[in-house]
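Please read the structure below before turning to the comments.
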2 protein chains.
Amino acid sequence: MGNNRSDKPLTTPVQYLLQVLGSKWKLPILCTLSKKDVLRFNELKRELAGITNMSLSNCLQELEHYKIIKRVQYLEMPPRVEYSLTDNGKSLLPILKNLDEWVNKQLEINCEKAQETEPGDS
Amino acid sequence: MGNNRSDKPLTTPVQYLLQVLGSKWKLPILCTLSKKDVLRFNELKRELAGITNMSLSNCLQELEHYKIIKRVQYLEMPPRVEYSLTDNGKSLLPILKNLDEWVNKQLEINCEKAQETEPGDS
DNA sequence: CTGTATCCACCCTGATACTG
DNA sequence: CAGTATCAGGGTGGATACAG
């Protein structure tokens with residue numbers, strides 16, 4: 001957050017980040033891809049139980065546009081398309097991990113607070 | 001800005017993070033607070049040109065709920081309320097900074113390869 | 001299999017007005 | 001000053017149907 005411009009909040013890098021992967025399925029997709037290395041469209045759909053073709057397609061397109069994932073299409077019958085993380089996508093993973101750790105800490109704190117509201121047992 | 005954020009089942013910690021500060025004004029608020037140490041409601045509103053009472057109030061409440069900011073109310077006339085980052089809030093800053101660096105790198109990449117093909121650019 | 005098009009519902013956001 | 005109530009508009013995600 002080196003440059004915070006109060007007059008143009010949407011142009012800050014952090015806001016850009018939220019824009020890039022701030023929708024519901026972006027992170028789950030990246031997490032899934034990070035574990036499976038390469039996945040086809042329907043394999044992703046199966047892993048991300050609940051996602052629709054529309055959402056998956058949109059997310060993949062945006063992620064591809066931002067060079068976070070790579071799309072390889074084979075002109076065969078039946079069609080085959082494989083998705084995988086780019087190096088940029090992989091470079092995001094450690095950061096996601098830090099976020100993950102921070103959030104886990106927050107979750108603990110909130111849990112503790114929730115328990116403190118309980119009248120003292122014993 | 002739903003106050004039901006805290007009720008939503010969160011599948012992953014990262015989703016929780018987006019939930020916690022994934023809305024438009026959360027980061028600008030945190031950035032502003034990180035620089036001013038302590039700010040009153042209207043001071044924040046002034047810094048975050050364009051935000052409404054509603055959005056600011058909701059964001060502050062959520063941020064406070066997650067123990068990221070601290071709210072101190074003085075029962076005076078006129079009323080005075082001061083907001084500041086908690087230690088948790090401050091611990092988030094370095095991570096945001098990493099995100100910032102990563103995104104800046106991504107921005108460079110995208111600028112080099114595709115300047116005018118933003119999917120949601122319109 | 002791999003998507004796209006369309007409609008629909010919900011949430012976020014902001015504007016305005018009002019209260020303590 | 002510091003919010004809250006209410007309403008409206010826009011964007012996003014989901015369901016279904018259809019196409020290459």
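Labels used: A, B, ... for chains in the order of the structure tokens, numbers from 1 for residues in each chain, and numbers from 1 for ligands as shown.
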I'd like the contact shell of Ile51 of chain B - 10 Å cut-off, only C-alpha atoms (C1' of nucleotides), skipping same-chain residues fewer than 4 positions apart - returned as a list in words. Lys24, Trp25, Leu44, Lys45, Arg46, Glu47, Ser55, Leu56 and Ser57 of chain B; DT13 and DG14 of chain C
Would you output that residue set with all heavy atoms, as a tab-separated table (two decimals), in the first residue's frame?
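File produced: part_1.tsv:
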```tsv
chain	number	residue	atom	x	y	z
B	24	LYS	N	-15.55	-2.27	-1.26
B	24	LYS	CA	-14.88	-1.14	-1.93
B	24	LYS	C	-14.03	-0.27	-1.01
B	24	LYS	O	-12.94	0.14	-1.37
B	24	LYS	CB	-15.94	-0.28	-2.61
B	24	LYS	CG	-15.39	0.92	-3.33
B	24	LYS	CD	-16.49	1.69	-4.03
B	24	LYS	CE	-15.94	2.92	-4.71
B	24	LYS	NZ	-17.01	3.66	-5.43
B	25	TRP	N	-14.54	0.02	0.17
B	25	TRP	CA	-13.90	1.06	0.99
B	25	TRP	C	-13.02	0.53	2.11
B	25	TRP	O	-12.36	1.30	2.80
B	25	TRP	CB	-14.97	1.98	1.58
B	25	TRP	CG	-15.68	2.80	0.54
B	25	TRP	CD1	-16.91	2.54	0.01
B	25	TRP	CD2	-15.20	3.97	-0.10
B	25	TRP	NE1	-17.23	3.49	-0.92
B	25	TRP	CE2	-16.20	4.40	-1.00
B	25	TRP	CE3	-14.03	4.73	0.01
B	25	TRP	CZ2	-16.07	5.52	-1.79
B	25	TRP	CZ3	-13.90	5.86	-0.77
B	25	TRP	CH2	-14.91	6.24	-1.66
B	44	LEU	N	-12.57	10.84	8.79
B	44	LEU	CA	-12.47	9.73	7.84
B	44	LEU	C	-13.28	10.03	6.58
B	44	LEU	O	-12.82	9.83	5.46
B	44	LEU	CB	-12.98	8.45	8.48
B	44	LEU	CG	-11.96	7.62	9.26
B	44	LEU	CD1	-12.66	6.56	10.09
B	44	LEU	CD2	-10.98	6.98	8.30
B	45	LYS	N	-14.49	10.50	6.82
B	45	LYS	CA	-15.37	10.79	5.69
B	45	LYS	C	-14.74	11.82	4.75
B	45	LYS	O	-14.85	11.73	3.53
B	45	LYS	CB	-16.70	11.30	6.23
B	45	LYS	CG	-17.79	11.43	5.17
B	45	LYS	CD	-19.08	11.88	5.81
B	45	LYS	CE	-20.14	12.17	4.75
B	45	LYS	NZ	-21.37	12.70	5.36
B	46	ARG	N	-14.06	12.77	5.35
B	46	ARG	CA	-13.43	13.81	4.55
B	46	ARG	C	-12.25	13.23	3.76
B	46	ARG	O	-12.06	13.53	2.59
B	46	ARG	CB	-12.97	14.94	5.47
B	46	ARG	CG	-12.67	16.24	4.76
B	46	ARG	CD	-12.79	17.42	5.73
B	46	ARG	NE	-12.31	17.09	7.07
B	46	ARG	CZ	-13.04	17.21	8.18
B	46	ARG	NH1	-14.28	17.62	8.11
B	46	ARG	NH2	-12.52	16.91	9.35
B	47	GLU	N	-11.48	12.39	4.40
B	47	GLU	CA	-10.33	11.79	3.72
B	47	GLU	C	-10.78	10.90	2.57
B	47	GLU	O	-10.17	10.89	1.50
B	47	GLU	CB	-9.50	10.97	4.72
B	47	GLU	CG	-8.83	11.79	5.80
B	47	GLU	CD	-7.64	12.56	5.27
B	47	GLU	OE1	-7.05	12.10	4.27
B	47	GLU	OE2	-7.32	13.63	5.83
B	55	SER	N	-22.07	3.73	4.00
B	55	SER	CA	-20.96	2.84	3.70
B	55	SER	C	-19.89	2.93	4.78
B	55	SER	O	-19.37	1.90	5.25
B	55	SER	CB	-20.36	3.18	2.34
B	55	SER	OG	-21.33	2.98	1.33
B	56	LEU	N	-19.55	4.14	5.16
B	56	LEU	CA	-18.52	4.32	6.16
B	56	LEU	C	-18.92	3.66	7.47
B	56	LEU	O	-18.15	2.93	8.08
B	56	LEU	CB	-18.26	5.81	6.37
B	56	LEU	CG	-17.18	6.15	7.40
B	56	LEU	CD1	-15.88	5.44	7.08
B	56	LEU	CD2	-16.95	7.66	7.46
B	57	SER	N	-20.15	3.91	7.87
B	57	SER	CA	-20.63	3.32	9.12
B	57	SER	C	-20.58	1.80	9.08
B	57	SER	O	-20.09	1.15	10.00
B	57	SER	CB	-22.06	3.79	9.38
B	57	SER	OG	-22.55	3.23	10.57
C	13	DT	P	-19.58	-2.61	-1.22
C	13	DT	OP1	-18.18	-2.64	-1.69
C	13	DT	OP2	-19.90	-2.73	0.21
C	13	DT	O5'	-20.25	-1.27	-1.78
C	13	DT	C5'	-20.33	-1.06	-3.20
C	13	DT	C4'	-21.26	0.09	-3.50
C	13	DT	O4'	-22.62	-0.32	-3.27
C	13	DT	C3'	-21.04	1.34	-2.64
C	13	DT	O3'	-20.41	2.33	-3.42
C	13	DT	C2'	-22.46	1.76	-2.21
C	13	DT	C1'	-23.37	0.85	-3.01
C	13	DT	N1	-24.61	0.42	-2.30
C	13	DT	C2	-25.83	0.77	-2.82
C	13	DT	O2	-25.96	1.43	-3.83
C	13	DT	N3	-26.92	0.32	-2.11
C	13	DT	C4	-26.89	-0.43	-0.94
C	13	DT	O4	-27.93	-0.77	-0.39
C	13	DT	C5	-25.57	-0.76	-0.45
C	13	DT	C7	-25.43	-1.57	0.80
C	13	DT	C6	-24.50	-0.32	-1.14
C	14	DG	P	-19.98	3.73	-2.80
C	14	DG	OP1	-18.89	4.27	-3.63
C	14	DG	OP2	-19.80	3.55	-1.35
C	14	DG	O5'	-21.29	4.63	-3.04
C	14	DG	C5'	-21.82	4.72	-4.36
C	14	DG	C4'	-23.14	5.45	-4.34
C	14	DG	O4'	-24.14	4.62	-3.72
C	14	DG	C3'	-23.13	6.77	-3.56
C	14	DG	O3'	-23.74	7.78	-4.35
C	14	DG	C2'	-23.97	6.47	-2.31
C	14	DG	C1'	-24.92	5.41	-2.84
C	14	DG	N9	-25.48	4.53	-1.82
C	14	DG	C8	-24.80	3.83	-0.86
C	14	DG	N7	-25.57	3.11	-0.09
C	14	DG	C5	-26.84	3.35	-0.57
C	14	DG	C6	-28.09	2.86	-0.14
C	14	DG	O6	-28.33	2.08	0.79
C	14	DG	N1	-29.14	3.36	-0.91
C	14	DG	C2	-29.00	4.24	-1.97
C	14	DG	N2	-30.11	4.62	-2.59
C	14	DG	N3	-27.83	4.71	-2.38
C	14	DG	C4	-26.80	4.22	-1.64
```
Please, which residues of chain B, numbered as in this document, come out helix (DSSP H, G or I) from DSSP, as a PyMOL selection string? chain B and resi 13-21+26-36+41-47+53-65+87-113
Determine, counting only C-alpha atoms (C1' of nucleotides), which protein, DNA and RNA residues have an atom within 9 Å of an atom of Leu99 of chain A; residues of the same chain fewer than 4 positions away are not included. Present the result as an NGL selection string. (:A and (94-95 or 103-104)) or (:B and (13-14 or 17 or 92 or 95-96))
Please report the interatomic distance between atom C1' of DA5 of chain D and atom CA of Glu62 of chain B in Å with one decimal. 18.6 Å
With only C-alpha atoms considered, list every residue of chain B at most 9 Å from chain A, as an MDAnalysis selection string. chainID B and resid 12:18 22:25 27:28 31:32 47:50 65:68 88 91:104 106:107 109:110 114 117:120
Set the cut-off to 12 Å and count only C-alpha atoms (C1' of nucleotides): what are the residues of chain D that reach chain B? Output as a PyMOL selection string. chain D and resi 1-6+11-12
Using only C-alpha atoms (C1' of nucleotides), find the residues of chain C whose closest atom to chain B is at most 12 Å away, then write them as a PDB file with N, CA and C atoms (P, O5', C5', C4', C3', O3' and C1' of nucleotides), in the first residue's frame.
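Saved as part.pdb:
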```pdb
ATOM      1  P    DC C  10     -34.213 -13.296  -3.953  1.00  0.00           P
ATOM      2  O5'  DC C  10     -32.772 -12.824  -3.486  1.00  0.00           O
ATOM      3  C5'  DC C  10     -31.659 -13.715  -3.614  1.00  0.00           C
ATOM      4  C4'  DC C  10     -30.372 -12.912  -3.594  1.00  0.00           C
ATOM      5  C3'  DC C  10     -30.317 -11.886  -2.466  1.00  0.00           C
ATOM      6  O3'  DC C  10     -29.220 -12.198  -1.622  1.00  0.00           O
ATOM      7  C1'  DC C  10     -29.632 -10.929  -4.548  1.00  0.00           C
ATOM      8  P    DC C  11     -29.064 -11.410  -0.235  1.00  0.00           P
ATOM      9  O5'  DC C  11     -27.763 -10.529  -0.503  1.00  0.00           O
ATOM     10  C5'  DC C  11     -26.639 -11.103  -1.165  1.00  0.00           C
ATOM     11  C4'  DC C  11     -25.701  -9.997  -1.627  1.00  0.00           C
ATOM     12  C3'  DC C  11     -25.423  -8.946  -0.555  1.00  0.00           C
ATOM     13  O3'  DC C  11     -24.023  -8.745  -0.458  1.00  0.00           O
ATOM     14  C1'  DC C  11     -26.187  -7.916  -2.564  1.00  0.00           C
ATOM     15  P    DC C  12     -23.429  -7.729   0.620  1.00  0.00           P
ATOM     16  O5'  DC C  12     -22.908  -6.519  -0.279  1.00  0.00           O
ATOM     17  C5'  DC C  12     -22.186  -6.810  -1.476  1.00  0.00           C
ATOM     18  C4'  DC C  12     -21.966  -5.534  -2.259  1.00  0.00           C
ATOM     19  C3'  DC C  12     -21.499  -4.352  -1.409  1.00  0.00           C
ATOM     20  O3'  DC C  12     -20.373  -3.758  -2.008  1.00  0.00           O
ATOM     21  C1'  DC C  12     -23.433  -3.764  -2.668  1.00  0.00           C
ATOM     22  P    DT C  13     -19.580  -2.608  -1.224  1.00  0.00           P
ATOM     23  O5'  DT C  13     -20.248  -1.271  -1.783  1.00  0.00           O
ATOM     24  C5'  DT C  13     -20.327  -1.060  -3.197  1.00  0.00           C
ATOM     25  C4'  DT C  13     -21.258   0.095  -3.504  1.00  0.00           C
ATOM     26  C3'  DT C  13     -21.044   1.341  -2.642  1.00  0.00           C
ATOM     27  O3'  DT C  13     -20.412   2.330  -3.423  1.00  0.00           O
ATOM     28  C1'  DT C  13     -23.374   0.845  -3.006  1.00  0.00           C
ATOM     29  P    DG C  14     -19.984   3.726  -2.798  1.00  0.00           P
ATOM     30  O5'  DG C  14     -21.287   4.631  -3.045  1.00  0.00           O
ATOM     31  C5'  DG C  14     -21.816   4.717  -4.361  1.00  0.00           C
ATOM     32  C4'  DG C  14     -23.144   5.454  -4.341  1.00  0.00           C
ATOM     33  C3'  DG C  14     -23.132   6.774  -3.563  1.00  0.00           C
ATOM     34  O3'  DG C  14     -23.742   7.779  -4.354  1.00  0.00           O
ATOM     35  C1'  DG C  14     -24.920   5.413  -2.838  1.00  0.00           C
ATOM     36  P    DA C  15     -23.696   9.301  -3.893  1.00  0.00           P
ATOM     37  O5'  DA C  15     -25.235   9.667  -3.740  1.00  0.00           O
ATOM     38  C5'  DA C  15     -26.197   9.140  -4.656  1.00  0.00           C
ATOM     39  C4'  DA C  15     -27.582   9.664  -4.297  1.00  0.00           C
ATOM     40  C3'  DA C  15     -27.580  10.995  -3.552  1.00  0.00           C
ATOM     41  O3'  DA C  15     -28.648  11.809  -4.035  1.00  0.00           O
ATOM     42  C1'  DA C  15     -28.556   9.293  -2.189  1.00  0.00           C
ATOM     43  P    DT C  16     -28.825  13.288  -3.457  1.00  0.00           P
ATOM     44  O5'  DT C  16     -29.979  13.094  -2.379  1.00  0.00           O
ATOM     45  C5'  DT C  16     -31.158  12.381  -2.728  1.00  0.00           C
ATOM     46  C4'  DT C  16     -32.010  12.139  -1.495  1.00  0.00           C
ATOM     47  C3'  DT C  16     -32.115  13.349  -0.555  1.00  0.00           C
ATOM     48  O3'  DT C  16     -33.471  13.746  -0.447  1.00  0.00           O
ATOM     49  C1'  DT C  16     -31.668  11.345   0.651  1.00  0.00           C
ATOM     50  P    DG C  20     -34.839  10.174  18.487  1.00  0.00           P
ATOM     51  O5'  DG C  20     -33.375  10.270  19.128  1.00  0.00           O
ATOM     52  C5'  DG C  20     -32.485   9.167  19.036  1.00  0.00           C
ATOM     53  C4'  DG C  20     -31.136   9.549  19.612  1.00  0.00           C
ATOM     54  C3'  DG C  20     -31.220  10.430  20.851  1.00  0.00           C
ATOM     55  O3'  DG C  20     -30.213  10.046  21.772  1.00  0.00           O
ATOM     56  C1'  DG C  20     -29.936  11.521  19.204  1.00  0.00           C
TER      57       DG C  20
END
```
